[in-house]
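Novice: The structure follows.
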Amino acid sequence: MKNFIAGSWVDKANKLEVRNPFDNSIIDTVPRADAADVETALAFAERGAKVMAKLTGYERWKILRKAADMMAERNEEIGQIISREEGKIIAEGRGEASRAVETIMGSAEEAKRLHGETVPLDGDPGGKNKLGFTLRVPCGVVAAIAPFNFPLNLVCHKVGPALAAGNTVILKPASDTPLSGIKLVEILLEAGLPPEGIQVLTGSGGEIGDPLVADKRVRKISFTGSVEIGERICRMAGIKKVTMELGSNCPLIVMPDADLDKVAAAVAMTGFANAGQVCISTQRVLASGKVYGDFLNVLKPKVEALSTGNQLEEKTKVGPMVKEAEAMRVEAWVNEAVSQGARLLAGGGRCGAIYAPAVIADAKPQMRVCREELFGPAVTVTPFADIDEAIALANDSTFGLGAGIFTENVEWAMKFARQCEAGNLHINWGPQWRADLMPYGGLKNSGYGKEGPSYAVQEMTELKMVVFHLNS
Ligand code: NAP
């Protein structure tokens with residue numbers, strides 16, 4: 001596929017290969033953009049911002065609405081692209097394609113709803129005969145930088161609200177998974193988006209990231225990815241608006257009154273979907289000592305039943321990780337935990353990029369599999385004595401994106417909701433659940449700013465205050 005820069009589809013001799021992680025076959029190639037391409041895109045985007053700012057809310061709604069309809073019609077084609085480039089099973093590829101429709105549809109609705117508000121200036125001692133209101137205006141040029149694990153829906157969470165708010169966008173998809181993001185750009189243009197509204201650059205983030213994020217013409221950066229890259233972008237960005245959606249090592253607390261069958265089913269789903277490569281994957285299960293042994297007995301067969309294989313075959317439940325190096329990393333971390341005294345209760349074998357879903361029992365909080373973001377198909381299980389220790393263990397992390405608790409006790413549930421340091425809290429489900437319309441974002445090192453169209457459009461706009469100084 002090609003890049004879309006300065007209103008044209010462009011190719012380059014220098015290319016990146018996009019591979020299917022299951023068999024390492026080349027699916028396609030994309031241009032390897034460089035700093036000169038970034039400069040071309042930025043110069044064009046400055047003009048593009050003026051074109052986009054002139055579109056009415058109705059016009060922006062119409063474009064996004066049409067794009068959503070077109071995406072829905074092409075669900076199977078898009079689902080296949082996602083699954084092939086990322087490695088997620090085809091059901092999840094189709095699911096992501098459907099969610100992306102909702103994200104663009106929700107963004108379309110926001111294009112009609114953006115508004116300022118009147119400000120009661122006469123409440124100020126000097127406010128007599130003043131009339132004040134706010135206006136929301138687009139930021140201008142938005143740089144949207146996306147990770148590999150939801151290569152379409154997370155792109156839509158940036159591009160949708162940015163366009164709804166009247167910005168122009170420079171999209172930088174992840175190098176491992178650029179194809180579905182480029183497909184979105186094709187669809188948006190076909191749906192009537194002015195060519196000034198969007199550009200897409202593929203290429204190594206290490207090469208084109210700095211010149212893009214440091215440039216003063218970019219007024220807003222929306223980044224989803226690792227803490228390491230997020231911190232670098234924040235240092236480089238200078239004075240501009242930034243949203244950071246970063247990683248985590250999400251905890252799930254299992255209280256003694258929990259229905260263990262339900263918990264085990266939830267762990268099998270929320271710990272291993274997309275081969276565990278989800279920022280809100282259940283990573284650290286904290287189970288009450290009163291039910292610890294029983295819980296492990298129920299969990300083991302549920303995880304062992306997750307068959308691995310070719311992500312495009314309907315029967316596969318867990319596909320390959322995005323690349324073999326990632327599966328090797330997970331294997332090394334699990335082996336390290338076992339060498340430090342943890343017990344491998346299930347899974348753990350590796351074949352290429354496929355790592356068999358693993359349960360690491362008796363994990364200690366100081367082990368790397370607990371401390372860092374594992375981002376792979378393995379969960380740890382650690383016992384606790386009471387709710388206070390459970391919450392302390394859950395909060396013993398530099399991250400704070402999502403967390404869950406299983407209990408029928410309202411007091412415990414509320415204590416968890418109040419005291420657990422995470423942006424998204426789930427009672428009687430694992431941390432991995434998201435409706436695309438809800439405010440979504442982390443605390444602590446998991447970032448700042450919220451996604452979800454109605455929240456993201458606020459972050460994609462600036463607020464102006466207007467004051468009329470009247471005579472009477
Ligand atoms: P990553 O390595 O941080 O890369 C994310 C994006 O940043 C890619 O497009 C990457 O390009 C680009 N990039 C790399 N270096 C850059 C630089 N110096 N300047 C600007 N951009 C640069 O993350 P990933 O491995 O793709 O994704 C996994 C991470 O994303 C995990 O930590 C996960 O938790 C997090 N995540 C968070 C959320 C959330 O909503 N909080 C959702 C999903 C994922 P290249 O691909 O070319 O390197």
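Simple scheme: letters A, B, ... for chains in structure tokens order, numbers from 1 for residues in each chain, numbers from 1 for ligands in the order shown.
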Taking only C-alpha atoms and all ligand atoms into account, which residues are within 7 Å of ligand 1, as number ranges by chain?

Specialist: A: 145-150, 172-176, 203-206, 208-210, 213, 224-230, 232-233, 245-248, 278-279, 373, 375, 401, 441-442, 446

Novice: If you count only C-alpha atoms, which residues fall within 7 Å of Ile360 (chain A), apart from same-chain ones fewer than 4 positions away, as a PyMOL selection string?

Specialist: chain A and resi 342-345+379-381

Novice: How many Å lie between CA of Thr461 (chain A) and CA of Gly400 (chain A), rounded to one decimal?

Specialist: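 Straight-line distance from CA of Thr461 (chain A) to CA of Gly400 (chain A) works out to 25.9 Å.
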
Novice: Pick from A:His426, A:His157, A:Arg19, A:Lys300: nearest to Glu324 (chain A), with only C-alpha atoms counted?

Specialist: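 Using only C-alpha atoms, the shortest distance to Glu324 (chain A) belongs to A:Arg19.
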
Novice: Determine, counting only C-alpha atoms, which protein, DNA and RNA residues have an atom within 7 Å of an atom of Ala327 (chain A); residues of the same chain fewer than 4 positions away are not included. Present the result as a PyMOL selection string.

Specialist: chain A and resi 321+323+331+353-355

Novice: To test your reading of the structure, identify every residue in region 231-329 of chain A that backbone DSSP assigns to helix (DSSP H, G or I), and report it as a PyMOL selection string.

Specialist: chain A and resi 231-237+260-270+273-276+292-304+324-329

Novice: Can I get the selection written as a compact mmCIF listing (two decimals), in the first residue's frame, with C-alpha atoms?

Specialist:
# COMPACT_ATOMS: atom_id res chain seq x y z
CA GLU A 231 7.91 9.72 27.69
CA ARG A 232 10.19 10.50 24.76
CA ILE A 233 7.34 12.17 22.88
CA CYS A 234 6.44 14.28 25.94
CA ARG A 235 10.05 15.46 26.20
CA MET A 236 10.20 16.31 22.49
CA ALA A 237 6.73 17.85 22.13
CA LEU A 260 -14.87 -19.20 40.82
CA ASP A 261 -16.25 -20.61 37.56
CA LYS A 262 -17.21 -17.12 36.44
CA VAL A 263 -13.83 -15.73 37.47
CA ALA A 264 -11.92 -18.43 35.62
CA ALA A 265 -14.00 -17.87 32.47
CA ALA A 266 -13.34 -14.13 32.74
CA VAL A 267 -9.60 -14.67 33.20
CA ALA A 268 -9.47 -17.00 30.18
CA MET A 269 -11.12 -14.28 28.12
CA THR A 270 -9.59 -11.10 29.51
CA ALA A 273 -7.67 -12.22 24.03
CA ASN A 274 -5.37 -10.96 21.26
CA ALA A 275 -2.70 -13.26 22.73
CA GLY A 276 -2.61 -11.01 25.79
CA TYR A 292 -6.55 -19.86 46.19
CA GLY A 293 -6.16 -23.63 45.63
CA ASP A 294 -9.75 -24.10 44.44
CA PHE A 295 -9.40 -21.17 42.04
CA LEU A 296 -6.22 -22.59 40.46
CA ASN A 297 -7.99 -25.93 39.97
CA VAL A 298 -10.85 -24.24 38.11
CA LEU A 299 -8.61 -21.91 36.10
CA LYS A 300 -6.13 -24.51 34.80
CA PRO A 301 -8.48 -26.47 32.46
CA LYS A 302 -10.10 -23.26 31.17
CA VAL A 303 -6.72 -21.89 30.07
CA GLU A 304 -5.53 -25.25 28.74
CA GLU A 324 8.49 -14.02 17.22
CA ALA A 325 10.78 -11.72 19.19
CA GLU A 326 7.81 -10.81 21.41
CA ALA A 327 6.97 -14.48 22.04
CA MET A 328 10.62 -15.08 22.93
CA ARG A 329 10.52 -12.18 25.38

Novice: Given only C-alpha atoms as the basis, pick out the residue of A:Asn167, A:Gln80, A:Thr29, A:Thr134 nearest to Glu459 (chain A).

Specialist: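 Looking at the shortest contact to Glu459 (chain A), the residue is A:Asn167.
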
Novice: Leaving out region 454-457 of chain A and any residue of its chain fewer than 6 positions from it, which residues lie within 8 Å of it when counting only C-alpha atoms, given as a PyMOL selection string?

Specialist: chain A and resi 106-107+110+114+157-158+161-162+164-165+437+439

Novice: Smallest atom-to-atom distance to Glu86 (chain A): which of A:Asn409, A:Thr282, A:Thr243, A:Asn20, using only C-alpha atoms?

Specialist: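 Answer, going by the shortest atom-to-atom distance: A:Asn20.
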
Novice: Please list as a list of chain:residue names every residue within 10 Å of Met367 (chain A), counting only C-alpha atoms and excluding residues in the same chain fewer than 2 positions away.

Specialist: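 Here the answer would be A:Trp333, A:Val334, A:Glu336, A:Ala337, A:Val338, A:Gln340, A:Gly341, A:Ala342, A:Ala363, A:Lys364, A:Pro365, A:Val369, A:Cys370, A:Arg371, A:Glu372, A:Thr380.
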
Novice: Would you kindly return, as a JSON list (two decimals) with C-alpha atoms, in the first residue's frame, each protein, DNA or RNA residue with an atom no farther than 9 Å from any atom of Phe384 (chain A), considering only C-alpha atoms and excluding same-chain residues fewer than 3 positions away?

Specialist:
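As written to disk, result-v9.json reads:
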[["chain", "number", "residue", "atom", "x", "y", "z"],
["A", 286, "LEU", "CA", -4.78, -11.60, 43.12],
["A", 287, "ALA", "CA", -6.77, -14.41, 44.74],
["A", 288, "SER", "CA", -7.92, -14.67, 48.35],
["A", 289, "GLY", "CA", -5.90, -17.28, 50.25],
["A", 290, "LYS", "CA", -9.24, -18.79, 51.33],
["A", 292, "TYR", "CA", -6.55, -19.86, 46.19],
["A", 387, "ILE", "CA", -9.25, -6.70, 50.98],
["A", 389, "GLU", "CA", -3.79, -6.36, 51.20],
["A", 390, "ALA", "CA", -5.50, -7.05, 47.85],
["A", 393, "LEU", "CA", -1.00, -5.34, 45.91]]
